[in-house]
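Take a look at the structure set out below.
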Amino acid sequence: MNPITPIINGMAITFKHMFLKPVTLQYPTERPKVAARFRGLHALNVSHDKAKCVACYLCPTVCPAKCITVEAGEDANHDKFATVYEIDMLRCIFCGYCVEACPVDAVRMTGEFELANYDRKDFIYSKERLLEKK
Amino acid sequence: MGIEILGLPMMYYIAMVAKVLVAFVFVLLTVAYATYAERKIIGHMQVRLGPMRTGWHGLLQPIADGVKLFFKEEIIPSQASTFAFLVAPLIALIPAFITFAVIPFGGVIEVAGYKIPLQIAAYYDTTAGQVFDVNVGVLYILAMSSLGVYGIVLAGWASNSKYSLMGGLRASAQMISYELAAGLSIISVFMLSGTLSLTKIVELQSGMGGFEWYLFKQPLAAFIFFICSLAEINRTPFDLPEAETELVSGFCTEYSSMKYAMFFMAEYANMVTVCALTVTLFLGGWNGPLTAAMPLLGPVYFVAKVYFLMFVCMWIRATLPRYRYDQLMHLGWKVFIPIALVNIVVTGIIGYFI
């Protein structure tokens with residue numbers, strides 16, 4: 001078995017690769033392209049200046065990680081709405097079942113993926129914080 | 001004429017000291033930026049970018065690394081042999097740098113009327129009209145490069161850690177195996193040159209526009225010497241003394257802060273020295289076109305050749321995985337030493353008849 005040629009072939013490969021365009025993404029300055037159907041942070045859809053959510057409890061029911069907390073209330077028009085809508089991002093597995101389950105298209109997922117925080121309680125996203133993401 | 005010391009004017013001494021300082025600082029800077037070049041080159045060979053954040057394209061990275069290591073906490077293991085533990089990095093570092101003293105990096109230049117040979121341990125005798133240098137330069141280099149392993153063995157032993165000890169033992173075994181083959185491959189060069197003085201060896205390679213290089217007369221010896229040198233200075237693919245996958249970090253497992261940096265400097269300084277030695281012995285040293293007319297071109301050619309070989313070292317590192325320990329021993333004792341011995345015999349026979 002000739003031990004020299006594989007070494008030379010390998011050296012040729014590494015030399016050629018030196019002139020290829022690096023695949024590195026310079027992250028904070030260069031942003032990755034997020035796919036259209038990326039499952040990132042949730043957002044509550046808004047219609048006529050209020051959340052579309054009707055507090056039907058389908059999303060906490062379907063959620064495999066049990067991370068969604070919903071409490072229902074009644075507004076002036078006797079319509080059901082969510083007084084509390086919280087998602088615990090530490091438990092969420094970003095499966096998107098809540099979006100699939102929603103009958104009124106009230107919840108969607110955005111391309112937001114930078115979810116780091118300094119405190120554990122900051123990971124519990126309240127209704128207000130979820131609404132902010134338009 | 002000014003002040004004279006030992007019959008030589010003051011200017012001469014100043015020029016000599018300046019030469020030593022320039023050479024030393026240049027080697028130090030090369031060592032620092034070799035780390036940067038290595039990370040960049042290997043990065044690009046792996047289709048990455050390498051350091052990009054510190055300075056323009058990461059150019060300040062070696063300085064940042066140095067400052068960081070300098071301010072790191074100094075940790076001495078409680079069970080370690082303190083004195084040996086402290087002195088080991090120095091023993092590794094100093095031989096790596098003093099080896100450079102006998103390598104000629106240029107011809108004779110004239111500064112303020114005094115002829116100064118561009119080699120640290122050399123002087124120009126005006127009455128004899130020739131350069132005198134250490135006439136056993138190669139022997140000196142072999143001696144110093146084998147001293148370097150003491151630092152590594154001592155570091156491994158003094159750390160009182162099994163990984164360090166294994167690293168140190170491997171380093172010494174590897175050194176013994178490869179020093180032999182490297183030494184034997186240089187012998188065939190001496191058989192052609194008839195001298196151990198590095199200046200003379202460079203002069204002998206000056207003719208024929210580069211075709212007098214010993215690389216063309218002794219290709220096998222050049223190949224063996226370069227590979228064995230890689231093994232001697234513990235570079236990939238022979239970096240078994242610090243094999244991360246098996247030995248955490250080998251002999252420098254217990255070292256931190258500046259002492260760790262010293263081992264790294266020693267490693268890169270050894271790489272510079274070994275490349276410089278290969279250039280001197282096989283690639284015609286500082287010889288190149290127009291050096292007779294412009295003596296300052298000599299160091300330029302020398303540095304270019306050394307940098308090329310250092311690039312080859314990094315290229316090899318980016319390409320080859322680490323050898324297994326038995327393969328390493330097999331390669332040293334059963335491949336390189338017999339080939340080097342045969343090479344000596346063949347050189348002898350051809351030299352006898354021509």
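Starting from 1 in every chain, residues are counted up; chains themselves are A, B, ... following the order of the structure tokens, and ligands are numbered from 1 as listed.
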
Quiz item: Mind listing as a list in words which residues of chain A are within 12 Å of chain B, counting only C-alpha atoms?
Solution: Pro3, Ile4, Pro6, Ile7, Ile8, Asn9, Gly10, Met11, Ala12, Ile13, Thr14, Phe15, Lys16, His17, Met18, Phe19, Leu20, Lys21, Pro22, Val23, Thr24, Leu25, Gln26, Tyr27, Pro28 and Thr29 of chain A

Quiz item: So which residues of segment 6-231 of chain B fall under strand (DSSP E) by DSSP, listed as a list in words?
Solution: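 Those in segment 6-231 of chain B that DSSP calls strand (DSSP E) are Leu8, Pro9, Val108, Ile109, Glu110, Val111, Tyr114, Lys115, Ile116, Pro117, Ala122, Tyr123, Tyr124, Asp125, Gln130, Val131, Phe132 and Asp133 of chain B.
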
Practice problem: Fewer than 4 positions away in the same chain doesn't count, so skip those; otherwise give me all residues within 10 Å of segment 254-262 of chain B, counting only C-alpha atoms, as a PyMOL selection string. | Solution: chain B and resi 65-77+80+85-94+155-156+158-161+163-164+248-250+266-268

Quiz item: When you draw a straight line from atom CA of Thr278 of chain B to atom CA of Leu331 of chain B, how long is it in Å?
Solution: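 Here the two named atoms are 20.3 Å from each other.
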
Quiz item: Which one of B:Gln61, B:Ser172, B:Ser193, B:Thr236 sits closest to Phe251 of chain B if you count only C-alpha atoms?
Solution: B:Ser172

Exercise. Apply DSSP to the backbone of this structure and, from segment 41-124 of chain A, keep only the residues in helix (DSSP H, G or I); write these as number ranges by chain.
Key: A: 58-62, 97-101, 120-123

Would you save the residues of that selection, restricted to C-alpha atoms, as a compact mmCIF listing (two decimals), in the first residue's frame?
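Listing of out-v2.txt after writing:
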# COMPACT_ATOMS: atom_id res chain seq x y z
CA LEU A 58 -57.56 24.55 22.60
CA CYS A 59 -53.92 25.68 22.64
CA PRO A 60 -53.15 24.77 26.28
CA THR A 61 -54.98 21.47 25.67
CA VAL A 62 -52.92 20.52 22.63
CA TYR A 97 -49.30 22.74 17.62
CA CYS A 98 -50.91 25.78 19.25
CA VAL A 99 -50.94 27.57 15.90
CA GLU A 100 -52.43 24.51 14.20
CA ALA A 101 -55.06 24.10 16.87
CA ARG A 120 -35.99 33.01 34.70
CA LYS A 121 -39.18 35.00 35.20
CA ASP A 122 -38.39 37.04 32.07
CA PHE A 123 -38.97 33.91 30.03
